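Asker: Have a peek at protein-v4.txt (compact mmCIF, C-alpha atoms and all ligand atoms).
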# COMPACT_ATOMS: atom_id res chain seq x y z
CA MET A 1 -7.29 -20.90 14.90
CA THR A 2 -7.83 -19.56 11.37
CA GLY A 3 -5.27 -17.09 10.13
CA SER A 4 -5.02 -15.17 6.88
CA ARG A 5 -2.64 -14.89 3.97
CA ILE A 6 -2.10 -12.62 0.99
CA VAL A 7 -2.88 -14.58 -2.18
CA SER A 8 -2.35 -11.89 -4.81
CA LEU A 9 -1.51 -8.24 -5.39
CA GLY A 10 -2.19 -5.52 -7.94
CA HIS A 11 -1.32 -1.88 -8.44
CA TYR A 12 -2.23 1.13 -10.52
CA GLN A 13 -0.41 4.36 -11.25
CA PRO A 14 -1.54 7.26 -13.42
CA SER A 15 0.29 7.51 -16.73
CA ARG A 16 1.47 11.12 -16.25
CA VAL A 17 5.13 11.18 -15.18
CA VAL A 18 6.33 14.36 -13.44
CA THR A 19 10.10 14.82 -13.23
CA ASN A 20 12.13 16.96 -10.84
CA ASP A 21 12.89 19.28 -13.73
CA ASP A 22 9.15 19.70 -14.29
CA LEU A 23 8.80 20.80 -10.65
CA ALA A 24 11.71 23.20 -11.03
CA GLN A 25 9.45 25.06 -13.50
CA LEU A 26 6.91 25.58 -10.70
CA VAL A 27 9.01 26.26 -7.59
CA ASP A 28 12.60 27.18 -6.68
CA THR A 29 14.08 23.68 -6.56
CA ASN A 30 16.33 21.43 -8.61
CA ASP A 31 16.86 17.79 -9.52
CA GLU A 32 20.04 17.41 -7.46
CA TRP A 33 18.45 18.71 -4.22
CA ILE A 34 15.42 16.44 -4.55
CA ARG A 35 17.51 13.34 -5.36
CA ASP A 36 19.93 14.01 -2.47
CA ARG A 37 17.44 14.96 0.25
CA VAL A 38 14.44 12.84 -0.67
CA GLY A 39 15.55 10.27 -3.26
CA ILE A 40 12.74 10.91 -5.74
CA VAL A 41 13.51 11.04 -9.47
CA THR A 42 9.98 10.87 -10.90
CA ARG A 43 6.44 10.61 -9.56
CA ARG A 44 3.04 9.85 -11.10
CA ILE A 45 0.30 12.47 -10.90
CA ALA A 46 -3.35 11.75 -11.70
CA ASP A 47 -5.14 13.65 -14.42
CA GLY A 48 -8.81 12.78 -14.28
CA GLU A 49 -8.56 9.73 -12.00
CA THR A 50 -10.21 9.80 -8.57
CA VAL A 51 -9.11 7.83 -5.51
CA ALA A 52 -11.94 5.36 -6.25
CA ASP A 53 -10.81 4.99 -9.89
CA MET A 54 -7.25 4.12 -8.83
CA ALA A 55 -8.42 1.87 -5.98
CA THR A 56 -10.74 -0.02 -8.35
CA ALA A 57 -8.00 -0.49 -10.95
CA ALA A 58 -5.54 -1.88 -8.39
CA ALA A 59 -8.17 -4.08 -6.72
CA GLY A 60 -9.37 -5.38 -10.09
CA LYS A 61 -5.84 -6.56 -10.91
CA ALA A 62 -5.39 -8.17 -7.49
CA LEU A 63 -8.74 -9.96 -7.88
CA ALA A 64 -7.86 -11.15 -11.39
CA ASN A 65 -4.56 -12.56 -10.02
CA SER A 66 -6.28 -14.33 -7.11
CA GLY A 67 -8.29 -17.05 -8.82
CA LEU A 68 -11.37 -15.85 -6.89
CA ASN A 69 -14.56 -14.31 -8.29
CA ALA A 70 -16.06 -11.00 -7.22
CA ALA A 71 -18.87 -12.94 -5.53
CA ASP A 72 -16.33 -14.68 -3.26
CA ILE A 73 -15.26 -11.38 -1.66
CA ASP A 74 -17.02 -10.59 1.62
CA LEU A 75 -14.88 -7.69 2.90
CA VAL A 76 -13.42 -4.60 1.20
CA VAL A 77 -11.23 -2.19 3.17
CA VAL A 78 -9.66 0.96 1.70
CA ALA A 79 -6.93 2.94 3.44
CA THR A 80 -6.92 6.53 2.25
CA CYS A 81 -6.60 10.07 3.58
CA THR A 82 -7.41 11.81 0.30
CA SER A 83 -10.91 10.71 -0.62
CA VAL A 84 -12.94 13.84 -1.36
CA ASP A 85 -16.38 12.24 -1.16
CA ARG A 86 -17.83 11.68 2.31
CA SER A 87 -20.30 9.02 1.19
CA PRO A 88 -20.44 6.47 -0.27
CA ASN A 89 -17.03 5.47 1.01
CA VAL A 90 -14.34 4.34 -1.42
CA ALA A 91 -14.76 0.68 -0.42
CA CYS A 92 -18.43 0.71 -1.53
CA ARG A 93 -17.50 2.40 -4.81
CA VAL A 94 -14.84 -0.26 -5.48
CA ALA A 95 -17.30 -3.05 -4.63
CA ALA A 96 -19.95 -1.60 -6.96
CA ARG A 97 -17.54 -1.27 -9.85
CA LEU A 98 -16.05 -4.74 -9.44
CA GLY A 99 -19.48 -6.37 -9.02
CA ILE A 100 -18.84 -7.54 -5.46
CA PRO A 101 -22.43 -8.05 -4.37
CA ALA A 102 -22.63 -7.71 -0.58
CA PRO A 103 -19.30 -7.18 1.20
CA ALA A 104 -18.65 -5.49 4.52
CA ALA A 105 -17.04 -2.29 3.22
CA TYR A 106 -15.21 0.44 5.08
CA ASP A 107 -12.47 3.05 4.67
CA ILE A 108 -9.85 3.80 7.26
CA ASN A 109 -7.69 6.89 7.57
CA THR A 110 -4.38 6.62 9.34
CA ALA A 111 -2.56 8.49 6.55
CA CYS A 112 0.72 6.87 5.47
CA SER A 113 0.46 3.88 7.83
CA GLY A 114 -2.97 3.07 6.39
CA PHE A 115 -2.28 -0.12 4.46
CA ALA A 116 -0.64 -1.91 7.40
CA TYR A 117 -3.49 -0.78 9.67
CA ALA A 118 -6.07 -1.97 7.13
CA LEU A 119 -4.30 -5.30 6.68
CA GLY A 120 -4.27 -5.68 10.48
CA THR A 121 -8.05 -5.17 10.69
CA VAL A 122 -8.63 -7.57 7.79
CA ASP A 123 -6.47 -10.23 9.45
CA HIS A 124 -8.42 -9.76 12.67
CA ALA A 125 -11.77 -9.98 10.87
CA ILE A 126 -10.75 -13.20 9.13
CA SER A 127 -9.30 -14.69 12.33
CA ALA A 128 -12.54 -13.87 14.16
CA GLY A 129 -14.62 -15.57 11.47
CA ALA A 130 -16.27 -12.31 10.36
CA ALA A 131 -14.89 -12.62 6.79
CA ARG A 132 -13.20 -15.21 4.57
CA ASN A 133 -12.01 -13.40 1.45
CA ALA A 134 -11.05 -9.74 1.57
CA ILE A 135 -9.60 -7.06 -0.64
CA VAL A 136 -7.44 -4.52 1.15
CA ILE A 137 -6.41 -1.40 -0.74
CA GLY A 138 -4.22 1.65 -0.22
CA ALA A 139 -5.19 4.47 -2.60
CA GLU A 140 -4.30 8.15 -2.61
CA LYS A 141 -4.60 11.26 -4.74
CA LEU A 142 -2.26 13.51 -2.80
CA SER A 143 -1.87 15.85 -5.77
CA GLU A 144 -5.34 17.20 -4.99
CA PHE A 145 -4.16 18.22 -1.50
CA THR A 146 -0.78 19.61 -2.53
CA ASP A 147 0.14 23.29 -2.56
CA TRP A 148 2.00 23.43 -5.87
CA THR A 149 3.71 26.67 -4.77
CA ASP A 150 5.24 25.06 -1.62
CA ARG A 151 8.61 23.53 -2.48
CA SER A 152 8.89 21.73 0.86
CA THR A 153 5.90 19.49 0.08
CA CYS A 154 5.14 19.50 -3.66
CA ILE A 155 8.36 17.65 -4.45
CA ILE A 156 7.41 14.72 -2.19
CA PHE A 157 3.81 13.61 -2.71
CA ALA A 158 2.18 11.67 -5.56
CA ASP A 159 -0.76 9.48 -6.58
CA GLY A 160 -1.44 5.76 -6.99
CA ALA A 161 -2.97 2.61 -5.52
CA GLY A 162 -2.02 -0.90 -4.47
CA ALA A 163 -4.22 -3.80 -3.40
CA ALA A 164 -4.05 -7.29 -1.96
CA VAL A 165 -6.52 -10.17 -1.86
CA VAL A 166 -6.37 -11.77 1.59
CA THR A 167 -8.06 -15.07 2.41
CA ALA A 168 -8.52 -17.39 5.37
CA THR A 169 -5.84 -20.04 5.72
CA ALA A 170 -6.79 -23.70 5.50
CA ASP A 171 -7.06 -25.76 8.69
CA GLY A 172 -3.58 -26.36 10.09
CA GLU A 173 -1.92 -23.96 7.65
CA PRO A 174 0.28 -21.35 9.38
CA SER A 175 -0.89 -17.76 9.11
CA GLY A 176 0.68 -15.72 6.33
CA VAL A 177 -0.03 -12.38 8.02
CA GLY A 178 1.86 -11.89 11.28
CA PRO A 179 0.55 -10.00 14.30
CA VAL A 180 0.31 -6.26 13.69
CA VAL A 181 2.35 -3.89 15.83
CA TRP A 182 0.47 -0.60 15.69
CA GLY A 183 0.20 2.64 17.58
CA SER A 184 0.47 6.39 17.40
CA VAL A 185 2.09 9.45 18.91
CA PRO A 186 -0.87 11.85 19.23
CA ASP A 187 1.31 14.50 20.90
CA LYS A 188 3.17 14.95 17.62
CA GLY A 189 -0.01 15.14 15.55
CA ASP A 190 0.79 18.58 14.18
CA ALA A 191 3.91 17.29 12.40
CA VAL A 192 1.90 16.23 9.30
CA ARG A 193 -1.47 17.91 8.65
CA ILE A 194 -4.15 17.98 5.97
CA GLU A 195 -6.67 20.00 7.92
CA GLY A 196 -9.60 22.34 7.44
CA TRP A 197 -11.89 22.93 4.50
CA ARG A 198 -10.13 22.60 1.10
CA PRO A 199 -6.87 21.71 2.84
CA TYR A 200 -3.25 21.35 1.74
CA ILE A 201 -0.57 19.08 3.15
CA GLN A 202 1.64 20.83 5.67
CA GLN A 203 4.48 19.23 7.59
CA GLU A 204 7.32 19.84 9.98
CA GLY A 205 9.76 17.92 7.81
CA GLN A 206 12.63 17.74 10.25
CA SER A 207 10.59 16.51 13.21
CA VAL A 208 9.00 13.80 11.05
CA PHE A 209 12.46 12.86 9.80
CA ARG A 210 13.89 12.67 13.33
CA TRP A 211 10.96 10.61 14.65
CA ALA A 212 11.07 8.22 11.71
CA THR A 213 14.79 7.57 11.94
CA THR A 214 14.90 7.13 15.73
CA ALA A 215 11.60 5.67 16.97
CA LEU A 216 10.53 3.26 14.25
CA ALA A 217 13.25 0.60 13.93
CA PRO A 218 12.54 -0.88 17.41
CA LEU A 219 8.83 -1.05 16.54
CA ALA A 220 9.58 -2.78 13.23
CA LEU A 221 11.80 -5.24 15.09
CA ARG A 222 8.91 -5.92 17.46
CA ALA A 223 6.75 -6.90 14.46
CA CYS A 224 9.43 -9.46 13.48
CA GLU A 225 9.59 -10.76 17.04
CA ARG A 226 5.81 -11.12 17.26
CA ALA A 227 5.84 -13.09 14.00
CA GLY A 228 8.67 -15.32 15.24
CA VAL A 229 10.88 -14.25 12.33
CA ALA A 230 14.49 -13.18 12.89
CA PRO A 231 15.40 -10.00 10.97
CA SER A 232 18.15 -12.00 9.21
CA GLU A 233 15.44 -14.27 7.76
CA LEU A 234 13.58 -11.42 6.03
CA ALA A 235 13.59 -11.65 2.24
CA ALA A 236 12.46 -8.04 1.90
CA PHE A 237 11.62 -4.90 3.84
CA VAL A 238 8.81 -2.79 2.41
CA PRO A 239 8.48 0.40 4.45
CA HIS A 240 6.34 3.42 3.69
CA GLN A 241 8.08 5.24 0.85
CA ALA A 242 8.46 8.60 2.62
CA ASN A 243 12.06 9.51 1.90
CA ALA A 244 14.96 7.35 0.69
CA ARG A 245 17.14 8.57 3.59
CA ILE A 246 14.47 7.54 6.12
CA ILE A 247 14.19 4.10 4.47
CA ASP A 248 17.98 3.62 4.57
CA GLY A 249 18.15 4.83 8.18
CA ILE A 250 15.52 2.37 9.40
CA ALA A 251 16.92 -0.51 7.33
CA LYS A 252 20.41 0.05 8.75
CA ARG A 253 19.09 -0.16 12.30
CA LEU A 254 17.18 -3.37 11.51
CA GLY A 255 20.44 -5.09 10.50
CA ILE A 256 19.15 -6.79 7.34
CA PRO A 257 22.04 -6.54 4.84
CA ASP A 258 20.79 -9.40 2.66
CA ALA A 259 17.12 -8.36 2.43
CA ILE A 260 15.72 -6.47 -0.54
CA ILE A 261 14.87 -2.94 0.57
CA ALA A 262 11.94 -1.54 -1.43
CA LYS A 263 12.84 1.82 -2.98
CA ASP A 264 9.84 2.49 -5.17
CA ILE A 265 10.03 6.10 -3.95
CA VAL A 266 12.67 6.71 -6.64
CA GLU A 267 10.15 6.39 -9.44
CA SER A 268 6.83 6.82 -7.61
CA GLY A 269 7.33 9.45 -4.90
CA ASN A 270 5.47 9.33 -1.58
CA THR A 271 1.96 7.97 -2.16
CA SER A 272 1.00 7.72 1.53
CA ALA A 273 -1.25 4.69 2.20
CA ALA A 274 -0.67 3.41 -1.34
CA SER A 275 3.11 3.23 -1.08
CA VAL A 276 3.51 -0.10 0.75
CA PRO A 277 1.13 -2.20 -1.41
CA LEU A 278 2.41 -0.45 -4.56
CA ALA A 279 6.03 -1.29 -3.75
CA LEU A 280 5.16 -4.85 -2.64
CA SER A 281 3.08 -5.51 -5.75
CA LYS A 282 5.96 -4.41 -7.97
CA LEU A 283 8.47 -6.63 -6.13
CA VAL A 284 6.16 -9.62 -6.60
CA GLU A 285 5.40 -8.76 -10.23
CA ARG A 286 9.15 -8.64 -10.95
CA ARG A 287 9.50 -11.97 -9.07
CA GLU A 288 12.17 -10.48 -6.82
CA VAL A 289 10.83 -12.23 -3.70
CA PRO A 290 10.11 -15.98 -3.66
CA SER A 291 6.61 -17.15 -2.81
CA GLY A 292 6.30 -17.90 0.91
CA ALA A 293 9.30 -15.76 1.89
CA PRO A 294 8.86 -13.43 4.89
CA VAL A 295 8.51 -9.72 4.12
CA LEU A 296 8.33 -6.95 6.72
CA LEU A 297 5.76 -4.23 5.94
CA PHE A 298 5.96 -1.02 7.95
CA GLY A 299 3.89 2.13 7.50
CA PHE A 300 4.21 5.43 9.34
CA GLY A 301 3.13 9.02 8.99
CA GLY A 302 0.35 11.49 9.74
CA GLY A 303 -1.20 11.27 13.17
CA LEU A 304 1.54 10.42 13.91
CA THR A 305 0.67 6.76 13.37
CA TYR A 306 2.58 3.58 12.61
CA ALA A 307 1.80 -0.06 11.90
CA GLY A 308 3.68 -3.06 10.58
CA GLN A 309 3.59 -6.82 10.26
CA VAL A 310 5.55 -9.65 8.68
CA VAL A 311 3.69 -11.26 5.77
CA ARG A 312 4.46 -14.30 3.63
CA CYS A 313 4.96 -13.29 0.01
CA PRO A 314 2.16 -14.63 -2.26
C1 LIG B 401 11.17 17.64 3.87
C2 LIG B 401 12.62 17.24 3.86
C3 LIG B 401 12.96 16.55 2.54
C4 LIG B 401 13.47 18.49 3.96
O1 LIG B 401 14.84 18.10 3.99
P1 LIG B 401 15.80 18.75 5.07
O2 LIG B 401 17.10 18.13 4.86
O3 LIG B 401 15.15 18.59 6.43
O4 LIG B 401 15.82 20.26 4.61
P2 LIG B 401 15.48 21.56 5.44
O5 LIG B 401 14.02 21.71 5.66
O6 LIG B 401 16.41 21.61 6.63
O7 LIG B 401 15.95 22.64 4.42
C5 LIG B 401 17.30 22.78 4.05
C6 LIG B 401 17.40 23.90 3.04
O8 LIG B 401 16.84 23.45 1.81
C7 LIG B 401 15.82 24.37 1.39
N1 LIG B 401 14.79 23.64 0.69
C8 LIG B 401 13.65 23.12 1.19
N2 LIG B 401 12.96 22.51 0.21
C9 LIG B 401 13.68 22.65 -0.90
C10 LIG B 401 13.50 22.22 -2.24
N3 LIG B 401 12.41 21.53 -2.62
N4 LIG B 401 14.45 22.52 -3.14
C11 LIG B 401 15.54 23.20 -2.80
N5 LIG B 401 15.78 23.64 -1.54
C12 LIG B 401 14.86 23.35 -0.62
C13 LIG B 401 15.33 25.01 2.67
O9 LIG B 401 14.71 26.25 2.41
C14 LIG B 401 16.61 25.14 3.45
O10 LIG B 401 17.32 26.26 2.95
P3 LIG B 401 18.19 27.18 3.95
O11 LIG B 401 19.24 26.26 4.52
O12 LIG B 401 18.72 28.22 3.03
O13 LIG B 401 17.22 27.68 4.97
C15 LIG B 401 12.97 16.30 5.03
O14 LIG B 401 12.90 17.01 6.25
C16 LIG B 401 12.04 15.14 5.09
O15 LIG B 401 11.99 14.33 4.19
N6 LIG B 401 11.32 14.97 6.19
C17 LIG B 401 10.36 13.90 6.34
C18 LIG B 401 9.11 14.33 5.68
C19 LIG B 401 8.24 13.17 5.35
O16 LIG B 401 8.69 12.08 5.12
N7 LIG B 401 6.96 13.45 5.32
C20 LIG B 401 6.01 12.49 5.00
C21 LIG B 401 5.63 11.77 6.21
S1 LIG B 401 4.73 10.40 5.79
Show the structure stored in the file as structure tokens.
Answerer:
Amino acid sequence: MTGSRIVSLGHYQPSRVVTNDDLAQLVDTNDEWIRDRVGIVTRRIADGETVADMATAAAGKALANSGLNAADIDLVVVATCTSVDRSPNVACRVAARLGIPAPAAYDINTACSGFAYALGTVDHAISAGAARNAIVIGAEKLSEFTDWTDRSTCIIFADGAGAAVVTATADGEPSGVGPVVWGSVPDKGDAVRIEGWRPYIQQEGQSVFRWATTALAPLALRACERAGVAPSELAAFVPHQANARIIDGIAKRLGIPDAIIAKDIVESGNTSAASVPLALSKLVERREVPSGAPVLLFGFGGGLTYAGQVVRCP
């Protein structure tokens, strides 16, 4: 049966760097509190860029790194919860700007787990023969949905995009995208909300924190099991970049002392669906993970939703 693999990655971040000291000018907070409780030192905030602008920039880089042409792409999927426009969707905007002539194109919204969900659907589409060459993107402009007077949220969220080109494997070649483990906890849906007309992000920080540090490690381990990869074999763990303490808590429970733990949150903040592909793209760009090595992706957040899979590094 045909599987899929990631052949290349790309990312984009706005040039404007916002420090913790900058935020301390807006709300009653300080650099030490933010570093200790969340682990963020800087974040990137868009000026004029839209979600589609950032998605296109990241996807354009991934496509340029792939050796494929725009005409080869037959599926574009964008994970985002911050697109303002209802139609056309972001995937169609990306396709138009990159000159991809006739792809299947859809957006999905599972908030911070979005990239792993989107990658799961792309893998399924390729395995079913419904697509051969896809671009999957996580892109967010959370700054547009942030209450800049609320110190419990404005210190956390940021903007950016990451993208991967995913293609069908050759006959006999093992799949480079492992089975997705995905699900949700609808009962806890109120814990992270961007609701209503002209909404702002609201969250019950402690209940999200508790859920993330207790419920997710067994689910991430299940993704390893379904891929037939022992946690000790992982070259890297790239979780959603929600909070450095959450990342450390999950990593500790996975028992992966030798794996690289992505901590892009330090310089990029929490970029929701963009955080996993952004962090993975940077690891690959810095050549920190060898090609072919197994990497565990795991997203989680609003919904509450989660999804993860083991992928082979391009
Ligand atoms: C939001 C979060 C950082 C808050 O950290 P916390 O350790 O739970 O902090 P608390 O909410 O208990 O607040 C502790 C104190 O710090 C204060 N505080 C809150 N935000 C602050 C800030 N930005 N700067 C300074 N003090 C702050 C609180 O008012 C409280 O003060 P008090 O003790 O005088 O009442 C943490 O709960 C978290 O990261 N949760 C997960 C959220 C998340 O990842 N969301 C995204 C999901 S994808």
Asker: Per residue of chain A within 7 Å of ligand LIG 401 (chain B), which atom pair is closest and at what distance in Å (one decimal), using all atoms listed in the file, listed by chain and increasing number, as a tab-separated table?
Answerer:
residue	atom	partner	partner_atom	distance
A:Asp28	CA	B:LIG401	N4	6.1
A:Thr29	CA	B:LIG401	N4	3.6
A:Asn30	CA	B:LIG401	N4	5.9
A:Trp33	CA	B:LIG401	C11	5.5
A:Ile34	CA	B:LIG401	N3	6.2
A:Arg37	CA	B:LIG401	C3	5.3
A:Val38	CA	B:LIG401	C3	5.1
A:Cys112	CA	B:LIG401	S1	5.4
A:Arg151	CA	B:LIG401	N3	4.3
A:Ser152	CA	B:LIG401	N2	4.2
A:Thr153	CA	B:LIG401	C1	6.7
A:Ile155	CA	B:LIG401	N3	5.9
A:Val192	CA	B:LIG401	C21	6.6
A:Gln203	CA	B:LIG401	N7	6.7
A:Gly205	CA	B:LIG401	O14	3.6
A:Gln206	CA	B:LIG401	O14	4.1
A:Val208	CA	B:LIG401	C17	4.9
A:Phe209	CA	B:LIG401	C17	4.2
A:Ala242	CA	B:LIG401	O16	4.3
A:Asn243	CA	B:LIG401	O16	5.3
A:Ser272	CA	B:LIG401	S1	6.3
A:Phe300	CA	B:LIG401	S1	6.1
A:Gly301	CA	B:LIG401	S1	3.8
A:Gly302	CA	B:LIG401	S1	6.0
Asker: Would you please work out which residue, of A:Ala116, A:Ile108, A:Ala91, A:Val185, is nearest to Ala79 in chain A when using only C-alpha atoms?
Answerer: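 Distance minimum relative to Ala79 in chain A lands on A:Ile108.
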Asker: Could you make a table, as a tab-separated table, of the residues of range 121-215 of chain A that have an atom within 12 Å of an atom of range 63-72 of chain A, each with its nearest atom pair and distance in Å to one decimal, counting only C-alpha atoms, in chain and number order?
Answerer:
residue	atom	partner	partner_atom	distance
A:Ala131	CA	A:Asp72	CA	10.4
A:Arg132	CA	A:Asp72	CA	8.4
A:Asn133	CA	A:Asp72	CA	6.5
A:Ala134	CA	A:Asp72	CA	8.7
A:Ile135	CA	A:Leu63	CA	7.8
A:Val136	CA	A:Leu63	CA	10.6
A:Ile137	CA	A:Leu63	CA	11.4
A:Gly162	CA	A:Leu63	CA	11.8
A:Ala163	CA	A:Leu63	CA	8.9
A:Ala164	CA	A:Leu63	CA	8.0
A:Val165	CA	A:Leu63	CA	6.4
A:Val166	CA	A:Ser66	CA	9.1
A:Thr167	CA	A:Ser66	CA	9.7
A:Ala168	CA	A:Asp72	CA	12.0
Asker: Taking only C-alpha atoms into account, name the residue in A:Met1, A:Ala102, A:Val229, A:Val266 that is nearest to Thr19 in chain A.
Answerer: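 So, comparing all the options, the nearest one is A:Val266.
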Asker: Could you name the residues that touch Val17 in chain A at 12 Å or less, counting all atoms listed in the file, but leaving out those on the same chain fewer than 5 positions away, as a short mmCIF file (atom, residue, chain, number, x, y, z; two decimals) with C-alpha atoms, in the frame of the given file?
Answerer:
data_model
loop_
_atom_site.label_atom_id
_atom_site.label_comp_id
_atom_site.auth_asym_id
_atom_site.auth_seq_id
_atom_site.Cartn_x
_atom_site.Cartn_y
_atom_site.Cartn_z
CA ASP A 22 9.15 19.70 -14.29
CA LEU A 23 8.80 20.80 -10.65
CA VAL A 41 13.51 11.04 -9.47
CA THR A 42 9.98 10.87 -10.90
CA ARG A 43 6.44 10.61 -9.56
CA ARG A 44 3.04 9.85 -11.10
CA ILE A 45 0.30 12.47 -10.90
CA ALA A 46 -3.35 11.75 -11.70
CA ASP A 47 -5.14 13.65 -14.42
CA ALA A 158 2.18 11.67 -5.56
CA ASP A 159 -0.76 9.48 -6.58
CA GLY A 160 -1.44 5.76 -6.99
CA GLU A 267 10.15 6.39 -9.44
CA SER A 268 6.83 6.82 -7.61
CA GLY A 269 7.33 9.45 -4.90
#
Asker: Which residue, A:Ile247, A:Ile256, A:Ala217, A:Val76, has the smallest gap to Gly39 in chain A when you use all atoms listed in the file?
Answerer: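 Among the listed residues, the smallest separation from Gly39 in chain A belongs to A:Ile247.
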